$ cat final01.txt   # compact mmCIF, C-alpha atoms
# COMPACT_ATOMS: atom_id res chain seq x y z
CA MET A 255 -3.28 -24.00 -8.02
CA ASN A 256 -3.90 -22.96 -11.63
CA PHE A 257 -1.77 -20.01 -12.78
CA ASN A 258 -4.04 -19.34 -15.76
CA LEU A 259 -6.15 -16.25 -15.23
CA THR A 260 -9.91 -16.48 -15.52
CA GLU A 261 -11.73 -14.32 -18.07
CA THR A 262 -12.87 -12.04 -15.24
CA GLN A 263 -9.32 -11.65 -13.97
CA LYS A 264 -8.06 -10.91 -17.47
CA SER A 265 -10.76 -8.27 -17.88
CA ILE A 266 -9.81 -6.59 -14.59
CA GLN A 267 -6.14 -6.65 -15.53
CA GLN A 268 -6.85 -5.12 -18.93
CA THR A 269 -9.12 -2.43 -17.46
CA PHE A 270 -6.47 -1.21 -15.04
CA LYS A 271 -3.68 -1.61 -17.59
CA ALA A 272 -5.53 0.67 -20.01
CA PHE A 273 -6.24 3.15 -17.21
CA ALA A 274 -2.55 3.18 -16.22
CA GLU A 275 -1.43 3.76 -19.81
CA GLN A 276 -4.00 6.39 -20.73
CA LYS A 277 -4.48 8.30 -17.48
CA VAL A 278 -1.84 7.52 -14.88
CA LYS A 279 1.48 7.41 -16.73
CA PRO A 280 0.96 10.81 -18.43
CA ALA A 281 0.34 12.39 -15.00
CA ALA A 282 2.96 10.50 -12.97
CA ALA A 283 5.81 13.00 -13.30
CA GLU A 284 3.58 15.93 -12.33
CA ILE A 285 2.27 14.04 -9.29
CA ASP A 286 5.85 13.42 -8.17
CA GLU A 287 7.10 16.94 -8.81
CA ASN A 288 4.13 18.76 -7.25
CA LYS A 289 4.07 16.49 -4.19
CA THR A 290 0.32 16.80 -4.00
CA PHE A 291 -2.40 14.21 -3.46
CA PRO A 292 -3.62 12.99 -6.90
CA MET A 293 -7.27 13.76 -6.14
CA GLU A 294 -8.66 13.61 -9.68
CA LEU A 295 -7.06 10.25 -10.45
CA PHE A 296 -7.99 8.98 -6.99
CA LYS A 297 -11.66 9.63 -7.72
CA GLN A 298 -11.35 7.98 -11.13
CA VAL A 299 -9.90 4.89 -9.44
CA GLY A 300 -12.96 4.95 -7.20
CA GLU A 301 -15.21 5.08 -10.26
CA LEU A 302 -13.47 1.94 -11.54
CA GLY A 303 -14.58 0.17 -8.36
CA PHE A 304 -11.09 -0.43 -7.00
CA PHE A 305 -11.85 0.62 -3.41
CA GLY A 306 -14.65 -1.91 -3.14
CA MET A 307 -12.91 -4.86 -4.78
CA ARG A 308 -12.14 -6.57 -1.49
CA TYR A 309 -15.61 -6.11 -0.02
CA PRO A 310 -18.81 -8.08 -0.70
CA GLU A 311 -21.58 -6.84 -2.94
CA ASP A 312 -24.08 -6.43 -0.10
CA VAL A 313 -22.04 -3.51 1.30
CA GLY A 314 -21.35 -1.87 -2.07
CA GLY A 315 -18.24 -3.77 -3.14
CA SER A 316 -17.66 -6.21 -5.98
CA GLY A 317 -16.48 -9.23 -3.98
CA SER A 318 -13.41 -9.73 -6.16
CA ASP A 319 -10.75 -12.26 -5.24
CA ILE A 320 -7.31 -11.25 -3.95
CA VAL A 321 -5.66 -12.39 -7.19
CA SER A 322 -7.80 -9.89 -9.14
CA TYR A 323 -7.03 -7.20 -6.58
CA CYS A 324 -3.28 -7.82 -7.00
CA LEU A 325 -3.57 -7.58 -10.78
CA ALA A 326 -5.17 -4.15 -10.40
CA VAL A 327 -2.56 -3.02 -7.85
CA ILE A 328 0.33 -4.02 -10.14
CA GLU A 329 -1.08 -1.96 -13.00
CA LEU A 330 -1.69 1.11 -10.82
CA ALA A 331 1.84 0.86 -9.41
CA ARG A 332 3.26 0.44 -12.90
CA GLY A 333 1.75 3.81 -13.72
CA SER A 334 2.52 5.66 -10.48
CA LEU A 335 3.52 4.20 -7.13
CA SER A 336 2.30 7.41 -5.46
CA LEU A 337 -1.23 6.87 -6.76
CA ALA A 338 -1.12 3.14 -6.07
CA ALA A 339 0.04 3.72 -2.49
CA VAL A 340 -2.83 6.05 -1.57
CA CYS A 341 -5.36 3.84 -3.35
CA THR A 342 -4.24 0.65 -1.62
CA MET A 343 -4.28 2.41 1.73
CA GLN A 344 -7.89 3.45 1.06
CA SER A 345 -8.94 0.00 -0.13
CA LEU A 346 -7.44 -1.96 2.75
CA MET A 347 -6.17 -0.49 6.04
CA ALA A 348 -8.27 2.69 6.01
CA THR A 349 -11.62 0.96 5.43
CA TYR A 350 -11.29 -2.60 6.70
CA PHE A 351 -12.07 -1.93 10.37
CA LEU A 352 -15.07 0.23 9.46
CA TYR A 353 -16.38 -2.70 7.44
CA ARG A 354 -15.73 -5.24 10.20
CA PHE A 355 -16.91 -3.27 13.21
CA GLY A 356 -18.59 -0.03 12.16
CA ASP A 357 -22.23 0.48 13.08
CA LYS A 358 -24.85 1.78 10.65
CA GLU A 359 -23.95 5.40 11.38
CA ILE A 360 -20.28 4.87 10.52
CA ARG A 361 -20.95 2.63 7.54
CA ASP A 362 -23.51 4.95 5.95
CA ALA A 363 -21.64 8.20 6.51
CA TYR A 364 -18.06 7.06 5.92
CA PHE A 365 -17.49 3.47 4.76
CA SER A 366 -19.98 3.54 1.89
CA GLU A 367 -18.70 6.91 0.72
CA ALA A 368 -15.08 5.70 0.96
CA LEU A 369 -15.81 2.82 -1.44
CA PHE A 370 -16.51 5.41 -4.15
CA GLY A 371 -13.61 7.69 -3.23
CA ASN A 372 -15.93 10.37 -1.84
CA LYS A 373 -14.37 10.07 1.63
CA ILE A 374 -10.66 9.51 2.26
CA GLY A 375 -9.35 7.49 5.18
CA GLY A 376 -6.05 6.96 6.93
CA ILE A 377 -4.75 4.63 9.59
CA CYS A 378 -2.76 5.93 12.55
CA MET A 379 -0.36 3.30 13.88
CA THR A 380 3.22 4.57 13.90
CA GLU A 381 4.43 6.93 16.62
CA PRO A 382 7.74 8.76 17.08
CA ASN A 383 8.97 5.96 19.36
CA ALA A 384 6.84 3.06 18.06
CA GLY A 385 7.28 1.67 14.55
CA SER A 386 7.85 -2.06 14.15
CA ASP A 387 7.31 -2.31 17.92
CA LEU A 388 3.58 -1.65 18.02
CA MET A 389 3.45 -2.53 21.71
CA GLY A 390 5.50 0.62 22.29
CA ILE A 391 2.46 2.74 21.37
CA LYS A 392 1.75 5.47 23.94
CA THR A 393 -1.44 7.00 22.53
CA VAL A 394 -4.17 6.34 25.07
CA ALA A 395 -7.98 6.36 25.11
CA LYS A 396 -9.23 6.91 28.62
CA VAL A 397 -12.70 5.72 29.56
CA ARG A 398 -14.86 8.59 30.75
CA ASN A 399 -18.60 8.17 31.44
CA ASN A 400 -18.84 5.24 29.02
CA ASP A 401 -17.19 7.33 26.29
CA PHE A 402 -13.48 7.76 25.45
CA VAL A 403 -10.98 10.61 25.49
CA LEU A 404 -8.13 10.04 23.03
CA SER A 405 -4.71 11.64 23.46
CA GLY A 406 -1.42 11.01 21.71
CA GLN A 407 0.88 11.65 18.77
CA LYS A 408 1.04 9.69 15.50
CA THR A 409 3.44 10.02 12.58
CA TRP A 410 3.85 8.68 9.04
CA VAL A 411 0.09 8.85 8.47
CA THR A 412 -0.63 8.35 4.76
CA SER A 413 -3.16 10.80 3.24
CA ALA A 414 -3.56 12.62 6.57
CA PRO A 415 -3.68 16.16 5.08
CA VAL A 416 -6.69 15.23 2.91
CA ALA A 417 -8.32 12.57 5.13
CA ASP A 418 -11.93 12.67 6.23
CA PHE A 419 -11.48 10.00 8.90
CA PHE A 420 -8.87 7.90 10.68
CA THR A 421 -8.67 4.53 12.37
CA VAL A 422 -6.37 4.86 15.35
CA LEU A 423 -4.50 2.25 17.39
CA ALA A 424 -4.35 3.22 21.03
CA ARG A 425 -4.09 1.85 24.54
CA THR A 426 -7.04 1.94 26.90
CA ASP A 427 -7.02 2.38 30.68
CA ASN A 428 -5.15 -0.41 32.43
CA HIS A 429 -5.21 -2.65 29.36
CA GLU A 430 -2.04 -4.13 27.95
CA GLN A 431 -3.34 -4.79 24.42
CA LEU A 432 -4.26 -2.18 21.81
CA SER A 433 -7.71 -1.06 20.70
CA ILE A 434 -8.92 0.52 17.45
CA PHE A 435 -10.93 3.73 17.29
CA PHE A 436 -12.78 5.53 14.52
CA VAL A 437 -12.04 9.27 14.49
CA PRO A 438 -13.57 11.76 12.02
CA ALA A 439 -10.83 14.18 10.95
CA LYS A 440 -12.84 17.29 11.81
CA THR A 441 -13.41 16.23 15.43
CA GLU A 442 -12.29 18.88 17.92
CA GLY A 443 -8.78 18.11 19.16
CA VAL A 444 -7.58 16.38 15.97
CA ILE A 445 -4.53 18.29 14.77
CA ILE A 446 -2.91 17.61 11.40
CA GLY A 447 0.80 18.29 11.84
CA LYS A 448 3.65 18.99 9.47
CA ASN A 449 3.99 17.19 6.17
CA ILE A 450 6.86 14.72 5.88
CA ASP A 451 8.99 15.47 2.81
CA LYS A 452 10.00 12.08 1.42
CA LEU A 453 12.54 10.73 -1.05
CA GLY A 454 9.88 8.97 -3.11
CA VAL A 455 6.12 8.32 -3.48
CA CYS A 456 5.85 12.09 -3.14
CA GLY A 457 2.20 12.20 -4.21
CA SER A 458 1.33 9.99 -1.28
CA VAL A 459 1.13 12.92 1.12
CA THR A 460 2.16 11.95 4.64
CA SER A 461 2.13 13.86 7.89
CA GLU A 462 1.95 13.80 11.66
CA VAL A 463 -1.40 13.72 13.46
CA ALA A 464 -1.97 14.68 17.10
CA PHE A 465 -4.99 13.90 19.28
CA ASP A 466 -5.50 16.45 22.05
CA GLU A 467 -8.18 15.06 24.37
CA VAL A 468 -10.45 14.03 21.51
CA HIS A 469 -13.88 12.99 22.85
CA LEU A 470 -15.27 9.89 21.15
CA PRO A 471 -18.65 8.21 21.70
CA LYS A 472 -18.56 4.55 22.70
CA ASN A 473 -19.66 3.34 19.24
CA TYR A 474 -16.39 4.72 17.82
CA LEU A 475 -14.55 1.82 19.46
CA LEU A 476 -14.09 -0.64 16.56
CA GLY A 477 -14.15 -4.14 18.01
CA GLY A 478 -13.69 -4.83 21.69
CA ILE A 479 -11.31 -3.20 24.11
CA GLY A 480 -7.87 -4.72 23.71
CA GLU A 481 -8.73 -6.48 20.43
CA GLY A 482 -6.81 -4.11 18.14
CA THR A 483 -3.66 -6.20 17.81
CA LYS A 484 -5.68 -9.33 17.02
CA CYS A 485 -7.79 -7.44 14.47
CA LEU A 486 -4.73 -5.99 12.78
CA ARG A 487 -3.29 -9.48 12.53
CA GLU A 488 -6.39 -10.49 10.53
CA ILE A 489 -5.25 -8.41 7.57
CA LEU A 490 -1.48 -8.51 8.08
CA ALA A 491 -0.99 -11.14 5.38
CA GLU A 492 -3.11 -9.15 2.92
CA ILE A 493 -1.14 -5.97 3.71
CA ARG A 494 2.08 -7.79 2.84
CA ILE A 495 0.63 -9.39 -0.29
CA MET A 496 -0.60 -5.97 -1.41
CA THR A 497 2.81 -4.37 -0.74
CA ALA A 498 4.46 -7.10 -2.80
CA ALA A 499 2.09 -6.23 -5.67
CA LEU A 500 3.12 -2.57 -5.37
CA ALA A 501 6.77 -3.62 -5.56
CA ILE A 502 6.16 -5.79 -8.62
CA GLY A 503 4.33 -2.93 -10.33
CA VAL A 504 7.16 -0.42 -10.05
CA ALA A 505 9.75 -3.11 -10.87
CA THR A 506 7.79 -4.04 -14.01
CA ALA A 507 7.79 -0.40 -15.14
CA ALA A 508 11.56 -0.14 -14.65
CA TYR A 509 12.24 -3.44 -16.41
CA GLN A 510 10.04 -2.57 -19.41
CA ASP A 511 11.68 0.84 -19.84
CA ALA A 512 15.17 -0.67 -19.62
CA LEU A 513 14.32 -3.44 -22.07
CA GLU A 514 12.94 -0.98 -24.62
CA TYR A 515 15.99 1.26 -24.16
CA ALA A 516 18.35 -1.69 -24.67
CA LYS A 517 16.63 -2.52 -27.96
CA THR A 518 16.82 1.01 -29.36
CA ARG A 519 19.99 2.58 -27.88
CA VAL A 520 22.81 2.09 -30.38
CA GLN A 521 26.47 2.15 -29.34
CA PHE A 522 29.50 0.83 -31.22
CA GLY A 523 27.31 0.10 -34.21
CA LYS A 524 24.59 -2.03 -32.59
CA PRO A 525 21.82 -1.89 -29.96
CA ILE A 526 23.27 -2.20 -26.46
CA GLY A 527 20.90 -5.12 -25.84
CA LYS A 528 23.16 -7.17 -28.11
CA PHE A 529 26.05 -6.87 -25.64
CA GLN A 530 26.45 -9.76 -23.24
CA ALA A 531 26.65 -7.59 -20.11
CA ILE A 532 23.29 -5.97 -20.86
CA LYS A 533 21.69 -9.26 -21.87
CA MET A 534 22.67 -10.82 -18.55
CA LYS A 535 21.27 -7.93 -16.52
CA LEU A 536 17.93 -8.08 -18.32
CA ALA A 537 17.78 -11.87 -18.04
CA ASP A 538 18.33 -11.68 -14.29
CA MET A 539 15.66 -9.02 -13.98
CA ALA A 540 13.20 -11.15 -15.95
CA VAL A 541 13.85 -14.13 -13.67
CA GLN A 542 13.33 -12.00 -10.56
CA LEU A 543 10.05 -10.60 -11.88
CA GLU A 544 8.74 -14.01 -12.90
CA SER A 545 9.65 -15.50 -9.52
CA ALA A 546 8.09 -12.59 -7.61
CA ASN A 547 4.88 -12.85 -9.66
CA ARG A 548 4.58 -16.60 -9.04
CA MET A 549 5.15 -16.13 -5.31
CA LEU A 550 2.61 -13.30 -5.24
CA PHE A 551 -0.19 -15.19 -6.92
CA HIS A 552 0.46 -18.27 -4.82
CA ALA A 553 0.12 -16.21 -1.64
CA ALA A 554 -2.97 -14.45 -3.04
CA TRP A 555 -4.51 -17.80 -3.96
CA LEU A 556 -3.90 -19.11 -0.45
CA SER A 557 -5.68 -16.04 0.89
CA ASP A 558 -8.61 -16.56 -1.47
CA GLU A 559 -8.86 -20.18 -0.32
CA ASP A 560 -8.64 -19.07 3.34
CA LEU A 561 -5.58 -21.26 3.84
CA PRO A 562 -2.59 -20.47 6.10
CA ARG A 563 -0.54 -17.80 4.31
CA GLN A 564 1.36 -15.78 6.90
CA LYS A 565 4.72 -17.29 5.96
CA GLN A 566 4.10 -17.03 2.21
CA ALA A 567 2.91 -13.43 2.58
CA ALA A 568 6.04 -12.48 4.51
CA MET A 569 8.24 -14.28 1.98
CA VAL A 570 6.74 -12.62 -1.08
CA LYS A 571 6.79 -9.17 0.50
CA LEU A 572 10.45 -9.65 1.44
CA TYR A 573 11.44 -11.05 -1.94
CA ALA A 574 9.40 -8.69 -4.13
CA SER A 575 10.52 -5.51 -2.34
CA GLU A 576 14.18 -6.50 -2.43
CA CYS A 577 13.84 -7.50 -6.10
CA ALA A 578 12.12 -4.22 -6.95
CA ASN A 579 15.02 -2.24 -5.57
CA SER A 580 17.55 -4.45 -7.34
CA ILE A 581 15.65 -4.28 -10.65
CA CYS A 582 15.25 -0.50 -10.48
CA ASP A 583 18.96 -0.16 -9.73
CA GLN A 584 20.01 -2.41 -12.62
CA ALA A 585 17.55 -0.76 -15.00
CA SER A 586 18.97 2.64 -14.07
CA ARG A 587 22.48 1.38 -14.84
CA ILE A 588 21.38 0.14 -18.25
CA MET A 589 20.03 3.60 -19.07
CA ALA A 590 23.17 5.22 -17.61
CA SER A 591 22.92 9.03 -17.65
CA TYR A 592 19.33 8.86 -18.94
CA GLY A 593 18.44 6.80 -15.89
CA TYR A 594 19.71 9.67 -13.75
CA ALA A 595 17.91 12.47 -15.59
CA LYS A 596 14.70 13.94 -14.17
CA GLU A 597 13.34 14.02 -17.73
CA TYR A 598 12.86 10.25 -17.60
CA PRO A 599 10.83 8.20 -15.09
CA MET A 600 13.65 5.79 -14.20
CA GLN A 601 14.94 8.02 -11.40
CA ARG A 602 11.41 8.11 -9.97
CA TYR A 603 11.13 4.32 -10.02
CA LEU A 604 14.45 4.12 -8.20
CA ARG A 605 13.28 6.53 -5.48
CA ASP A 606 9.77 5.13 -5.19
CA ALA A 607 10.90 1.51 -4.86
CA ARG A 608 12.52 2.27 -1.50
CA PHE A 609 9.03 2.70 -0.05
CA THR A 610 8.27 -0.99 -0.58
CA LEU A 611 11.12 -1.95 1.74
CA ILE A 612 9.32 -0.24 4.64
CA GLY A 613 5.55 -0.62 4.16
CA GLY A 614 4.18 -3.91 5.48
CA GLY A 615 7.24 -4.53 7.64
CA THR A 616 10.95 -4.02 7.05
CA SER A 617 13.01 -6.80 5.51
CA GLU A 618 14.65 -7.46 8.85
CA ILE A 619 11.32 -7.85 10.67
CA LEU A 620 10.08 -10.15 7.92
CA GLN A 621 13.21 -12.28 8.11
CA LEU A 622 12.70 -12.74 11.84
CA GLY A 623 9.05 -13.66 11.27
CA ILE A 624 9.94 -16.19 8.58
CA ALA A 625 12.60 -17.71 10.82
CA LYS A 626 9.98 -18.08 13.56
CA GLU A 627 7.68 -19.87 11.10
CA LEU A 628 10.59 -22.24 10.43
CA GLY A 629 10.72 -23.08 14.11
CA LEU A 630 13.87 -21.09 14.83
$ encode --input "final01.txt" --output "structure tokens"
Amino acid sequence: MNFNLTETQKSIQQTFKAFAEQKVKPAAAEIDENKTFPMELFKQVGELGFFGMRYPEDVGGSGSDIVSYCLAVIELARGSLSLAAVCTMQSLMATYFLYRFGDKEIRDAYFSEALFGNKIGGICMTEPNAGSDLMGIKTVAKVRNNDFVLSGQKTWVTSAPVADFFTVLARTDNHEQLSIFFVPAKTEGVIIGKNIDKLGVCGSVTSEVAFDEVHLPKNYLLGGIGEGTKCLREILAEIRIMTAALAIGVATAAYQDALEYAKTRVQFGKPIGKFQAIKMKLADMAVQLESANRMLFHAAWLSDEDLPRQKQAAMVKLYASECANSICDQASRIMASYGYAKEYPMQRYLRDARFTLIGGGTSEILQLGIAKELGL
């Protein structure tokens, strides 16, 4: 593969870099402190075409490649991981199944509007007793007169308090595998539960969602009965590649702030960046970032070429998320007390980076998956 970016890719990178610098970074602290969904910025991201990047032009998208998408994600995450998290959820998991399986009614009323940020979606997978173990899901959709009645409890649903629709993983009568259902948020029986107060990505509002005998017409089944697990697997690699890009974005922000601080903070008569201990930390961080970036764009290129990428996607998500947490930690140490002060964004990077260890699969789950790919 060629690591040189095309002119189109450079243009996309520059567009989102400028947006992050001019619009996102000045608002990032307020988003974090207020713990509210960044609606205005979300809509501006929609105006930039981000939500449609992964989809073809004939459905309202731009048909961009995954490499371009990752470049945009990195820049958004460099500005605010909260904003980047809700935007990537909208652009991938929340809309993908509507694109793949939604009929004209669903596409016209929800999918098309979601590509412009006019409708907000969420995906309901996790349950109180089912996280990494998706087959432990208890939510059930019972067949009734050719329609469905959905009942169950979901948790850790991103954007749920502001969502217009959900895609829900559930069991169906007497079927071992999972199915996927489209559920408008205002449907009778949909109950938005308590907000989950988190350590980081506080602007990515998250809550519980309950389904109390929600009646769904048969066209709200997305894909066939029992095909949910297989359909989710279709985008699993892209979910992990995207999460790696989020990790690289926040790590880049922390590294850049620490590097600038090391060049300007004077102690014992010279900038602290002249001391060997600080030099070594920054050098290690630079190596980690470069390695994570190369792994990311290799995995993204494999995806663009429709080549096997499950192992590479798991590897880069594992490596990038662990590196992000290490880089944010080391950057915070370089800034010492300033890295601990709420006045500066370093403490936010440190808190937000923890999110990347969970989304897209925990490190331990990824390690087991990689070992399986190795034949172990």
$ atom_distance --input "final01.txt" --atom1 "CA of Ala578 in chain A" --atom2 "CA of Ala505 in chain A"
4.7 Å
$ closest_residue --input "final01.txt" --among "A:Phe419, A:Tyr353, A:Phe370, A:Phe291" --to "Asp312 in chain A" --atoms "all atoms listed in the file"
A:Tyr353
$ closest_residue --input "final01.txt" --among "A:Leu432, A:Ser322, A:Ala339, A:Leu550" --to "Lys484 in chain A" --atoms "all atoms listed in the file"
A:Leu432
$ atom_distance --input "final01.txt" --atom1 "CA of Phe355 in chain A" --atom2 "CA of Tyr309 in chain A"
13.6 Å
$ residues_around --input "final01.txt" --residues "Trp555 in chain A" --least-positions-apart "3" --cutoff "8 Å" --atoms "only C-alpha atoms" --output "list in words"
Met255, Ile320, Val321, Phe551, His552, Asp558 and Glu559 of chain A
$ closest_residue --input "final01.txt" --among "A:Val403, A:Ile588, A:Ala567, A:Leu604" --to "Ala516 in chain A" --atoms "all atoms listed in the file"
A:Ile588
